[in-house]
>>> print(open('my_file.tsv').read())   # TSV, C-alpha atoms and all ligand atoms
chain	number	residue	atom	x	y	z
A	1	MET	CA	5.62	13.34	25.85
A	2	GLY	CA	3.65	14.78	22.95
A	3	ALA	CA	1.49	13.22	20.31
A	4	ARG	CA	2.25	10.23	18.11
A	5	VAL	CA	1.98	11.46	14.54
A	6	ILE	CA	0.68	8.83	12.13
A	7	THR	CA	0.37	9.46	8.39
A	8	VAL	CA	-2.09	7.38	6.36
A	9	THR	CA	-1.00	7.06	2.75
A	10	SER	CA	-1.21	4.70	-0.25
A	11	GLY	CA	0.07	5.89	-3.59
A	12	LYS	CA	-3.10	4.95	-5.41
A	13	GLY	CA	-6.27	6.99	-4.95
A	14	GLY	CA	-9.59	5.61	-3.79
A	15	VAL	CA	-8.25	2.74	-1.69
A	16	GLY	CA	-9.55	4.08	1.63
A	17	LYS	CA	-7.06	6.54	3.15
A	18	THR	CA	-9.70	9.07	4.11
A	19	THR	CA	-12.08	6.39	5.37
A	20	THR	CA	-9.25	4.93	7.44
A	21	THR	CA	-8.16	8.26	8.90
A	22	ALA	CA	-11.72	9.13	9.93
A	23	ASN	CA	-12.44	5.74	11.47
A	24	LEU	CA	-9.14	5.47	13.32
A	25	GLY	CA	-9.67	8.99	14.60
A	26	VAL	CA	-13.09	8.05	15.93
A	27	ALA	CA	-11.89	4.75	17.39
A	28	LEU	CA	-8.89	6.29	19.14
A	29	ALA	CA	-10.99	9.14	20.52
A	30	ALA	CA	-13.50	6.60	21.81
A	31	ASN	CA	-10.57	5.14	23.78
A	32	GLU	CA	-10.13	8.46	25.62
A	33	GLN	CA	-7.29	9.60	23.40
A	34	ARG	CA	-7.05	13.23	22.35
A	35	VAL	CA	-6.99	13.01	18.56
A	36	ALA	CA	-6.49	15.54	15.78
A	37	CYS	CA	-7.12	14.48	12.19
A	38	ILE	CA	-5.42	16.63	9.58
A	39	ASP	CA	-6.66	16.65	6.00
A	40	ALA	CA	-3.48	17.08	3.94
A	41	ASP	CA	-5.28	16.62	0.63
A	42	ILE	CA	-5.24	20.32	-0.23
A	43	GLY	CA	-7.52	21.14	-3.15
A	44	LEU	CA	-9.52	17.92	-2.76
A	45	ARG	CA	-10.92	18.31	0.74
A	46	ASN	CA	-12.78	15.19	1.81
A	47	LEU	CA	-12.04	14.20	5.38
A	48	ASP	CA	-14.55	16.83	6.58
A	49	VAL	CA	-17.50	15.18	4.81
A	50	VAL	CA	-16.46	11.65	5.77
A	51	MET	CA	-16.32	12.79	9.41
A	52	GLY	CA	-19.55	14.76	9.04
A	53	LEU	CA	-18.01	18.09	10.05
A	54	GLU	CA	-18.21	19.96	6.75
A	55	ASN	CA	-20.75	22.52	7.93
A	56	ARG	CA	-18.55	23.83	10.69
A	57	ILE	CA	-15.48	24.84	8.70
A	58	VAL	CA	-14.45	28.46	9.08
A	59	TYR	CA	-10.69	28.37	8.60
A	60	ASP	CA	-8.44	25.75	7.05
A	61	ILE	CA	-4.88	24.49	7.22
A	62	VAL	CA	-3.58	27.05	4.71
A	63	ASP	CA	-5.16	29.88	6.70
A	64	VAL	CA	-3.18	28.68	9.71
A	65	VAL	CA	0.11	28.29	7.85
A	66	GLU	CA	-0.27	31.71	6.22
A	67	GLY	CA	-1.16	33.34	9.52
A	68	ARG	CA	-4.78	34.34	8.80
A	69	ALA	CA	-6.07	32.16	11.61
A	70	ARG	CA	-4.75	30.63	14.76
A	71	LEU	CA	-4.68	26.89	15.16
A	72	ARG	CA	-7.38	27.01	17.84
A	73	GLN	CA	-9.71	28.86	15.49
A	74	ALA	CA	-9.25	26.39	12.65
A	75	LEU	CA	-9.59	23.16	14.63
A	76	ILE	CA	-13.13	21.78	14.62
A	77	ARG	CA	-14.14	19.83	17.68
A	78	ASP	CA	-16.45	16.86	17.07
A	79	LYS	CA	-19.45	17.29	19.37
A	80	ARG	CA	-20.16	13.55	19.37
A	81	LEU	CA	-16.64	12.74	20.58
A	82	PRO	CA	-15.19	15.76	22.35
A	83	GLU	CA	-11.66	14.31	22.24
A	84	LEU	CA	-11.73	14.39	18.43
A	85	CYS	CA	-10.71	17.36	16.28
A	86	LEU	CA	-10.35	18.03	12.57
A	87	LEU	CA	-8.01	20.44	10.84
A	88	PRO	CA	-9.58	20.74	7.37
A	89	ALA	CA	-7.73	21.13	4.08
A	90	ALA	CA	-8.11	24.21	1.93
A	91	GLN	CA	-10.40	23.59	-1.00
A	92	THR	CA	-9.43	26.42	-3.34
A	93	ARG	CA	-5.66	26.07	-3.17
A	94	ASP	CA	-3.26	23.39	-4.35
A	95	LYS	CA	-0.56	21.22	-2.80
A	96	SER	CA	2.13	23.85	-3.31
A	97	ALA	CA	0.38	26.17	-0.84
A	98	ILE	CA	2.25	24.36	1.97
A	99	SER	CA	5.81	23.05	2.11
A	100	PRO	CA	7.03	19.99	4.00
A	101	SER	CA	8.90	22.16	6.53
A	102	GLU	CA	5.75	24.23	7.18
A	103	MET	CA	3.87	20.97	7.79
A	104	VAL	CA	6.51	19.86	10.28
A	105	GLN	CA	6.29	23.22	12.06
A	106	LEU	CA	2.49	23.12	12.17
A	107	VAL	CA	2.38	19.60	13.54
A	108	ASN	CA	5.06	20.36	16.12
A	109	ASP	CA	2.91	23.23	17.36
A	110	MET	CA	0.07	20.71	17.91
A	111	ARG	CA	2.04	17.90	19.55
A	112	ASN	CA	1.55	19.03	23.13
A	113	ASP	CA	-2.23	19.24	22.90
A	114	PHE	CA	-2.95	15.76	21.55
A	115	ASP	CA	-2.15	12.08	22.06
A	116	PHE	CA	-2.51	11.29	18.37
A	117	ILE	CA	-2.26	13.34	15.21
A	118	LEU	CA	-3.52	11.45	12.15
A	119	ILE	CA	-2.63	12.85	8.74
A	120	ASP	CA	-4.74	11.92	5.71
A	121	SER	CA	-2.37	11.95	2.74
A	122	PRO	CA	-3.41	12.69	-0.83
A	123	ALA	CA	-2.78	10.09	-3.52
A	124	GLY	CA	0.41	10.26	-5.54
A	125	ILE	CA	4.09	10.58	-4.75
A	126	GLU	CA	4.58	14.29	-5.27
A	127	GLN	CA	4.47	17.31	-3.01
A	128	GLY	CA	1.17	16.43	-1.31
A	129	PHE	CA	2.58	13.06	-0.29
A	130	LYS	CA	5.82	14.65	0.88
A	131	ASN	CA	3.90	17.20	2.96
A	132	ALA	CA	1.91	14.44	4.61
A	133	VAL	CA	4.89	12.23	5.39
A	134	ALA	CA	7.35	14.93	6.53
A	135	PRO	CA	5.94	15.29	10.08
A	136	ALA	CA	5.18	11.58	10.57
A	137	ASP	CA	6.54	9.44	13.39
A	138	GLU	CA	4.82	6.39	11.90
A	139	VAL	CA	3.27	5.56	8.55
A	140	ILE	CA	0.29	3.38	7.78
A	141	ILE	CA	-0.09	2.28	4.16
A	142	VAL	CA	-3.56	1.37	2.91
A	143	THR	CA	-3.98	-0.98	-0.01
A	144	THR	CA	-6.76	-3.03	-1.53
A	145	PRO	CA	-6.13	-6.61	-2.74
A	146	GLU	CA	-5.76	-5.50	-6.35
A	147	VAL	CA	-2.78	-5.53	-8.68
A	148	SER	CA	-2.57	-1.76	-9.22
A	149	ALA	CA	-3.04	-0.84	-5.55
A	150	VAL	CA	-0.45	-3.36	-4.34
A	151	ARG	CA	2.02	-2.20	-6.94
A	152	ASP	CA	1.63	1.41	-5.83
A	153	ALA	CA	1.88	0.36	-2.18
A	154	ASP	CA	5.22	-1.26	-2.98
A	155	ARG	CA	6.48	1.99	-4.43
A	156	ILE	CA	5.30	3.93	-1.40
A	157	ILE	CA	6.99	1.50	0.98
A	158	GLY	CA	10.26	2.25	-0.79
A	159	LEU	CA	9.69	6.02	-0.62
A	160	VAL	CA	8.74	5.90	3.06
A	161	GLU	CA	11.96	4.01	3.76
A	162	ALA	CA	13.94	6.53	1.73
A	163	GLU	CA	12.46	9.30	3.90
A	164	GLU	CA	13.55	7.28	6.96
A	165	LYS	CA	9.98	7.04	8.20
A	166	GLY	CA	9.82	3.25	7.98
A	167	PRO	CA	9.06	0.56	8.64
A	168	ALA	CA	5.51	1.34	7.57
A	169	ARG	CA	2.61	-0.87	8.58
A	170	LEU	CA	-0.10	-2.12	6.24
A	171	ILE	CA	-3.89	-2.11	6.22
A	172	ILE	CA	-5.54	-4.34	3.62
A	173	ASN	CA	-8.88	-2.68	2.89
A	174	ARG	CA	-11.96	-3.94	1.05
A	175	LEU	CA	-11.06	-7.61	1.32
A	176	ARG	CA	-13.86	-9.91	0.12
A	177	PRO	CA	-13.34	-13.29	1.78
A	178	ALA	CA	-15.71	-15.12	-0.55
A	179	MET	CA	-13.79	-13.90	-3.58
A	180	VAL	CA	-10.49	-14.94	-2.03
A	181	GLN	CA	-11.93	-18.36	-1.27
A	182	ARG	CA	-13.01	-18.97	-4.84
A	183	GLY	CA	-9.65	-17.83	-6.17
A	184	ASP	CA	-10.68	-14.47	-7.55
A	185	MET	CA	-8.94	-12.08	-5.17
A	186	LEU	CA	-5.45	-11.77	-3.72
A	187	SER	CA	-5.44	-13.09	-0.16
A	188	ARG	CA	-3.87	-11.62	2.95
A	189	GLU	CA	-0.95	-14.05	2.51
A	190	ASP	CA	-0.50	-13.14	-1.16
A	191	VAL	CA	-0.31	-9.43	-0.38
A	192	LEU	CA	2.08	-9.93	2.52
A	193	ASP	CA	4.30	-12.28	0.48
A	194	ILE	CA	4.65	-9.57	-2.10
A	195	LEU	CA	5.02	-6.49	0.10
A	196	ALA	CA	6.89	-8.04	3.03
A	197	ILE	CA	5.80	-5.52	5.66
A	198	ASP	CA	3.92	-5.75	8.97
A	199	LEU	CA	0.17	-6.00	8.80
A	200	ILE	CA	-1.81	-3.95	11.32
A	201	GLY	CA	-5.31	-4.75	10.11
A	202	ILE	CA	-7.67	-6.14	7.52
A	203	VAL	CA	-10.87	-4.24	6.79
A	204	PRO	CA	-13.53	-6.16	4.89
A	205	ASP	CA	-15.42	-4.65	2.02
A	206	ASP	CA	-18.54	-3.45	3.77
A	207	GLU	CA	-21.67	-1.56	2.67
A	208	ALA	CA	-21.70	0.03	6.11
A	209	ILE	CA	-18.79	2.23	4.98
A	210	ILE	CA	-20.89	3.72	2.20
A	211	VAL	CA	-23.95	4.14	4.41
A	212	SER	CA	-21.95	5.73	7.22
A	213	THR	CA	-20.19	8.02	4.77
A	214	ASN	CA	-23.59	9.06	3.42
A	215	ARG	CA	-24.57	10.03	6.96
A	216	GLY	CA	-21.27	11.57	8.01
A	217	THR	CA	-20.92	9.24	10.99
A	218	PRO	CA	-17.85	7.00	10.55
A	219	ALA	CA	-18.60	3.28	10.87
A	220	ALA	CA	-16.37	2.95	13.93
A	221	MET	CA	-18.92	5.03	15.89
A	222	HIS	CA	-21.36	2.12	15.76
A	223	ASN	CA	-20.88	-1.29	17.21
A	224	HIS	CA	-22.13	-3.64	14.60
A	225	SER	CA	-20.57	-3.31	11.18
A	226	PRO	CA	-17.65	-5.60	10.27
A	227	ALA	CA	-15.59	-2.67	8.93
A	228	GLY	CA	-16.26	-0.55	12.02
A	229	THR	CA	-15.20	-3.44	14.24
A	230	ALA	CA	-12.03	-3.90	12.19
A	231	TYR	CA	-11.14	-0.23	12.60
A	232	ARG	CA	-11.73	-0.35	16.34
A	233	GLN	CA	-9.41	-3.34	16.57
A	234	ILE	CA	-6.73	-1.54	14.58
A	235	ALA	CA	-7.02	1.39	17.00
A	236	ARG	CA	-6.44	-0.98	19.92
A	237	ARG	CA	-3.38	-2.42	18.18
A	238	ILE	CA	-2.07	1.12	17.69
A	239	LEU	CA	-2.54	1.59	21.43
A	240	GLY	CA	-0.33	-1.44	22.01
A	241	GLU	CA	-2.98	-4.00	22.85
A	242	ASP	CA	-2.42	-7.52	21.57
A	243	VAL	CA	-5.57	-8.03	19.49
A	244	PRO	CA	-5.46	-11.19	17.36
A	245	LEU	CA	-5.55	-10.42	13.67
A	246	LEU	CA	-7.97	-12.91	12.15
A	247	THR	CA	-8.57	-13.16	8.44
A	248	PRO	CA	-12.24	-12.45	7.75
A	249	GLU	CA	-14.14	-15.62	6.81
A	250	PRO	CA	-16.79	-15.75	4.12
A	251	GLN	CA	-20.22	-15.71	5.69
A	252	THR	CA	-21.64	-19.17	5.21
A	253	GLY	CA	-25.11	-18.81	6.71
A	254	LEU	CA	-28.07	-19.46	4.44
A	255	MET	CA	-29.04	-15.78	4.34
A	256	ALA	CA	-25.50	-14.70	3.49
A	257	ARG	CA	-25.39	-17.23	0.68
A	258	PHE	CA	-28.76	-16.14	-0.55
A	259	SER	CA	-27.79	-12.47	-0.61
A	260	ARG	CA	-24.55	-13.31	-2.42
A	261	TRP	CA	-26.57	-15.24	-4.94
A	262	LEU	CA	-28.85	-12.24	-5.38
A	263	ARG	CA	-25.81	-10.05	-6.02
A	264	GLY	CA	-24.67	-12.58	-8.61
A	265	GLU	CA	-21.50	-13.63	-6.78
B	1	MET	CA	-14.01	-21.11	-12.52
B	2	GLY	CA	-17.49	-22.51	-12.68
B	3	PHE	CA	-18.84	-25.73	-11.31
B	4	LEU	CA	-19.05	-27.34	-14.75
B	5	ASP	CA	-15.41	-26.55	-15.55
B	6	ARG	CA	-14.35	-28.12	-12.29
B	7	LEU	CA	-16.46	-31.17	-12.97
B	8	LEU	CA	-14.87	-31.62	-16.37
B	9	GLY	CA	-11.43	-31.03	-14.94
B	10	ARG	CA	-10.77	-27.97	-17.02
B	11	ALA	CA	-8.42	-26.50	-14.46
B	12	GLU	CA	-7.26	-23.01	-15.30
B	13	PRO	CA	-5.08	-20.93	-13.03
B	14	SER	CA	-7.30	-18.74	-10.85
B	15	SER	CA	-7.32	-15.00	-11.40
B	16	ARG	CA	-5.85	-14.75	-7.90
B	17	ASP	CA	-2.80	-16.80	-8.95
B	18	ILE	CA	-2.45	-14.84	-12.16
B	19	ALA	CA	-2.61	-11.56	-10.24
B	20	LYS	CA	0.08	-12.70	-7.85
B	21	GLU	CA	2.40	-13.84	-10.60
B	22	ARG	CA	1.94	-10.67	-12.61
B	23	LEU	CA	2.59	-8.55	-9.53
B	24	GLN	CA	5.77	-10.42	-8.72
B	25	LEU	CA	7.04	-9.87	-12.26
B	26	VAL	CA	6.13	-6.21	-12.52
B	27	LEU	CA	7.59	-5.47	-9.09
B	28	THR	CA	10.89	-7.02	-10.10
B	29	THR	CA	11.06	-4.42	-12.84
B	30	ASP	CA	9.85	-1.62	-10.55
B	31	ARG	CA	12.27	-2.38	-7.77
B	32	THR	CA	15.40	-3.16	-9.75
B	33	ASN	CA	14.88	-1.26	-12.96
B	34	ILE	CA	15.73	-4.49	-14.79
B	35	SER	CA	13.06	-4.88	-17.46
B	36	PRO	CA	12.16	-8.22	-19.03
B	37	ALA	CA	13.86	-6.99	-22.22
B	38	LEU	CA	17.07	-6.20	-20.34
B	39	LEU	CA	16.94	-9.64	-18.77
B	40	GLU	CA	16.69	-11.20	-22.26
B	41	GLN	CA	19.68	-9.15	-23.37
B	42	MET	CA	21.71	-10.31	-20.38
B	43	LYS	CA	20.72	-13.87	-21.14
B	44	ASP	CA	21.97	-13.58	-24.73
B	45	ASP	CA	25.24	-12.05	-23.59
B	46	LEU	CA	25.76	-14.80	-21.04
B	47	ILE	CA	25.09	-17.46	-23.67
B	48	ASN	CA	27.58	-15.88	-26.03
B	49	THR	CA	30.28	-15.70	-23.41
B	50	LEU	CA	29.81	-19.18	-22.03
B	51	SER	CA	29.42	-20.81	-25.44
B	52	GLN	CA	33.03	-20.03	-26.14
B	53	HIS	CA	33.95	-22.62	-23.53
B	54	VAL	CA	31.07	-25.01	-23.12
B	55	GLU	CA	28.09	-26.27	-25.06
B	56	ILE	CA	24.88	-24.98	-23.55
B	57	ASP	CA	21.38	-26.34	-23.54
B	58	ARG	CA	19.68	-23.14	-24.64
B	59	THR	CA	16.18	-24.38	-23.94
B	60	GLY	CA	16.93	-24.99	-20.27
B	61	ILE	CA	18.28	-21.57	-19.35
B	62	GLU	CA	16.64	-19.73	-16.50
B	63	LEU	CA	17.58	-16.22	-15.57
B	64	SER	CA	15.75	-14.38	-12.87
B	65	VAL	CA	16.09	-11.48	-10.48
B	66	SER	CA	15.43	-12.20	-6.85
B	67	GLN	CA	15.18	-9.46	-4.35
B	68	GLY	CA	14.77	-8.61	-0.76
B	69	ARG	CA	14.53	-5.09	0.53
B	70	GLY	CA	17.85	-3.43	-0.09
B	71	TYR	CA	19.50	-6.00	-2.34
B	72	HIS	CA	18.96	-7.59	-5.72
B	73	ARG	CA	20.48	-10.73	-7.13
B	74	VAL	CA	20.56	-12.02	-10.67
B	75	VAL	CA	20.28	-15.78	-10.56
B	76	ALA	CA	21.30	-17.74	-13.65
B	77	ASP	CA	20.70	-21.45	-14.06
B	78	ILE	CA	22.43	-22.57	-17.25
B	79	PRO	CA	22.55	-26.27	-18.15
B	80	VAL	CA	25.89	-27.29	-19.68
B	81	LEU	CA	25.93	-30.23	-22.10
B	82	ARG	CA	29.70	-30.68	-22.40
B	83	ALA	CA	32.93	-28.77	-22.63
B	84	ARG	CA	34.00	-27.79	-26.11
B	85	GLU	CA	36.52	-30.22	-27.55
B	86	VAL	CA	38.11	-27.90	-30.03
B	87	PRO	CA	39.55	-24.72	-28.56
B	88	PRO	CA	37.14	-21.84	-29.01
B	89	PRO	CA	37.92	-19.14	-31.55
B	90	LYS	CA	40.18	-16.62	-29.92
B	91	PRO	CA	38.16	-13.67	-28.65
B	92	PRO	CA	39.29	-10.46	-30.31
B	93	ARG	CA	40.20	-8.73	-27.05
B	94	ARG	CA	42.87	-11.25	-26.14
B	95	THR	CA	44.46	-11.09	-29.59
B	96	ARG	CA	44.76	-7.39	-29.27
B	97	ARG	CA	46.31	-7.62	-25.84
B	98	THR	CA	48.90	-10.10	-27.08
B	99	THR	CA	49.85	-7.76	-29.88
B	100	THR	CA	50.24	-4.90	-27.43
B	101	SER	CA	52.51	-6.82	-25.13
B	102	GLU	CA	54.71	-7.84	-28.06
B	103	GLU	CA	55.21	-4.24	-29.05
C	1	LIG	N1	-13.99	-1.17	3.54
C	1	LIG	C1	-14.75	-0.56	2.61
C	1	LIG	N2	-15.90	-1.11	2.17
C	1	LIG	C2	-16.65	-0.49	1.24
C	1	LIG	N3	-16.35	0.69	0.68
C	1	LIG	C3	-15.20	1.29	1.05
C	1	LIG	C4	-14.34	0.71	2.04
C	1	LIG	N4	-13.29	1.56	2.21
C	1	LIG	C5	-13.47	2.59	1.38
C	1	LIG	N5	-14.62	2.46	0.68
C	1	LIG	C6	-15.16	3.39	-0.33
C	1	LIG	O1	-14.15	3.60	-1.31
C	1	LIG	C7	-14.17	4.95	-1.75
C	1	LIG	C8	-12.79	5.57	-1.60
C	1	LIG	O2	-12.47	5.69	-0.24
C	1	LIG	P1	-11.60	6.90	0.33
C	1	LIG	O3	-11.43	6.67	1.78
C	1	LIG	O4	-12.16	8.21	-0.10
C	1	LIG	O5	-10.22	6.62	-0.43
C	1	LIG	P2	-8.94	7.57	-0.59
C	1	LIG	O6	-8.94	8.55	0.51
C	1	LIG	O7	-7.78	6.60	-0.49
C	1	LIG	O8	-9.01	8.18	-1.94
C	1	LIG	C9	-15.23	5.66	-0.96
C	1	LIG	O9	-16.37	5.73	-1.73
C	1	LIG	C10	-15.44	4.77	0.24
C	1	LIG	O10	-16.74	4.84	0.73
C	2	MG	MG	-8.80	10.71	0.34
>>> encode(input="my_file.tsv", output="structure tokens", more="lines below")
Ligand SMILES: Nc1ncnc2c1ncn2[C@@H]1O[C@H](COP(=O)(O)OP(=O)(O)O)[C@@H](O)[C@H]1O
Ligand SMILES: [Mg+2]
Amino acid sequence: MGARVITVTSGKGGVGKTTTTANLGVALAANEQRVACIDADIGLRNLDVVMGLENRIVYDIVDVVEGRARLRQALIRDKRLPELCLLPAAQTRDKSAISPSEMVQLVNDMRNDFDFILIDSPAGIEQGFKNAVAPADEVIIVTTPEVSAVRDADRIIGLVEAEEKGPARLIINRLRPAMVQRGDMLSREDVLDILAIDLIGIVPDDEAIIVSTNRGTPAAMHNHSPAGTAYRQIARRILGEDVPLLTPEPQTGLMARFSRWLRGE
Amino acid sequence: MGFLDRLLGRAEPSSRDIAKERLQLVLTTDRTNISPALLEQMKDDLINTLSQHVEIDRTGIELSVSQGRGYHRVVADIPVLRAREVPPPKPPRRTRRTTTSEE
């Protein structure tokens, strides 16, 4: 059968592609799937630190493509989740070090050893994006509920269709239900009205993402954070389970209100 | 909007509504390559053409681009007051054509 290859992309930087790739990798591996995460952001390596595997890098993706290392030597196996692997980006090269056809070849060589290959795309619409999308069977687009991110997502949807990789599915990241409720943030419905594509998940804005990134243990490894839970649900949807997609509600408990008040919201 | 504004009925559109409207406008340009300026130009041209035949209520004109994935449509809503009673001045193109056919 071979792996399903899913590219996570966005157009705009900083919306949560790397966070999403790491957490979906963890969540899929926790469901007994053999997962490889590929960092395609050559020159701006980041997936390694978000996954907490930065100290174990010996070879990178460019070493493999240029024949200095074999795939097996470059892949880092996550000791916490033995079904999870990372193929790190090169840090001292740039996007032109790999071509789209080399990416396709590399990924094809990996297909038989994994159930899922997740590719973390760089921002932008140039070569790095093209490298990341070329081997994809499916594309997930990450956006935040902000004007600039949604606009860029719209552009990417068009490009993904032009590459015949569509229809892409959408993750709305960093949603703040209380802000939506008081009319200060685009809602799920607003974003979907505008982009007109399938939604596969909503991830709330959650401090747990920052804390877990500090530690190098993706939020989906723990059971309690709202964002981690959202990512685990997205993973189950990817696996074909019918998990209802609820819009996060503002927390209305006294403590939640108090802490919002403290934050000046 | 704060509590006091709401109490006094000073309803302003929310930033959420503004964001949505701005996005819809800017994406029309992004997707179709029809800028607001081009739309204005098309509006003027339409008015000029139609005014030769009918009187138009210029204030009521609405021209917009609607789109789905894969198609675009320019939608014009132009209120007509009445047909012109006197025949419109002959457009130059037709005059020229007549001359040609006489030759
Ligand atoms: N759901 C979330 N809640 C809070 N912070 C988030 C969330 N998702 C991403 N972030 C933060 O946003 C920043 C950018 O995320 P990242 O995944 O690196 O984006 P990208 O890969 O698209 O550039 C990071 O600091 C990350 O911790
Ligand atoms: Mg990134």
>>> residues_near_ligand(input="my_file.tsv", ligand="ligand LIG 1 (chain C)", cutoff="6 Å", atoms="only C-alpha atoms and all ligand atoms", output="list in words")
Gly13, Gly14, Val15, Gly16, Lys17, Thr18, Thr19, Asn173, Arg174, Val203, Pro204, Asp205, Asp206, Glu207, Ile209, Ile210 and Ala227 of chain A
>>> closest_atom_pairs(input="my_file.tsv", of="chain A", to="chain B", cutoff="9 Å", atoms="all atoms listed in the file", output="JSON lines")
{"residue": "A:Glu146", "atom": "CA", "partner": "B:Ala19", "partner_atom": "CA", "distance": 7.9}
{"residue": "A:Val147", "atom": "CA", "partner": "B:Leu23", "partner_atom": "CA", "distance": 6.2}
{"residue": "A:Ser148", "atom": "CA", "partner": "B:Leu23", "partner_atom": "CA", "distance": 8.5}
{"residue": "A:Val150", "atom": "CA", "partner": "B:Leu23", "partner_atom": "CA", "distance": 7.9}
{"residue": "A:Arg151", "atom": "CA", "partner": "B:Leu27", "partner_atom": "CA", "distance": 6.8}
{"residue": "A:Asp154", "atom": "CA", "partner": "B:Leu27", "partner_atom": "CA", "distance": 7.8}
{"residue": "A:Arg155", "atom": "CA", "partner": "B:Asp30", "partner_atom": "CA", "distance": 7.9}
{"residue": "A:Gly158", "atom": "CA", "partner": "B:Arg69", "partner_atom": "CA", "distance": 8.6}
{"residue": "A:Val180", "atom": "CA", "partner": "B:Arg16", "partner_atom": "CA", "distance": 7.5}
{"residue": "A:Arg182", "atom": "CA", "partner": "B:Met1", "partner_atom": "CA", "distance": 8.0}
{"residue": "A:Gly183", "atom": "CA", "partner": "B:Arg16", "partner_atom": "CA", "distance": 5.2}
{"residue": "A:Asp184", "atom": "CA", "partner": "B:Arg16", "partner_atom": "CA", "distance": 4.9}
{"residue": "A:Met185", "atom": "CA", "partner": "B:Arg16", "partner_atom": "CA", "distance": 4.9}
{"residue": "A:Leu186", "atom": "CA", "partner": "B:Arg16", "partner_atom": "CA", "distance": 5.1}
{"residue": "A:Ser187", "atom": "CA", "partner": "B:Arg16", "partner_atom": "CA", "distance": 7.9}
{"residue": "A:Asp190", "atom": "CA", "partner": "B:Lys20", "partner_atom": "CA", "distance": 6.7}
{"residue": "A:Val191", "atom": "CA", "partner": "B:Lys20", "partner_atom": "CA", "distance": 8.2}
{"residue": "A:Ile194", "atom": "CA", "partner": "B:Gln24", "partner_atom": "CA", "distance": 6.8}
{"residue": "A:Ala196", "atom": "CA", "partner": "B:Arg69", "partner_atom": "CA", "distance": 8.6}
>>> residues_near_ligand(input="my_file.tsv", ligand="ligand MG 2 (chain C)", cutoff="10 Å", atoms="only C-alpha atoms and all ligand atoms", output="list in words")
Val8, Thr9, Ser10, Lys12, Gly13, Gly14, Val15, Gly16, Lys17, Thr18, Thr19, Thr20, Thr21, Asp39, Ala40, Asp41, Leu44, Arg45, Asn46, Leu47, Val50, Asp120, Ser121, Pro122 and Ala123 of chain A
>>> atom_distance(input="my_file.tsv", atom1="atom CA of Cys37 of chain A", atom2="atom CA of Val243 of chain A")
23.7 Å
>>> atom_distance(input="my_file.tsv", atom1="atom CA of Val107 of chain A", atom2="atom CA of Arg72 of chain A")
13.0 Å
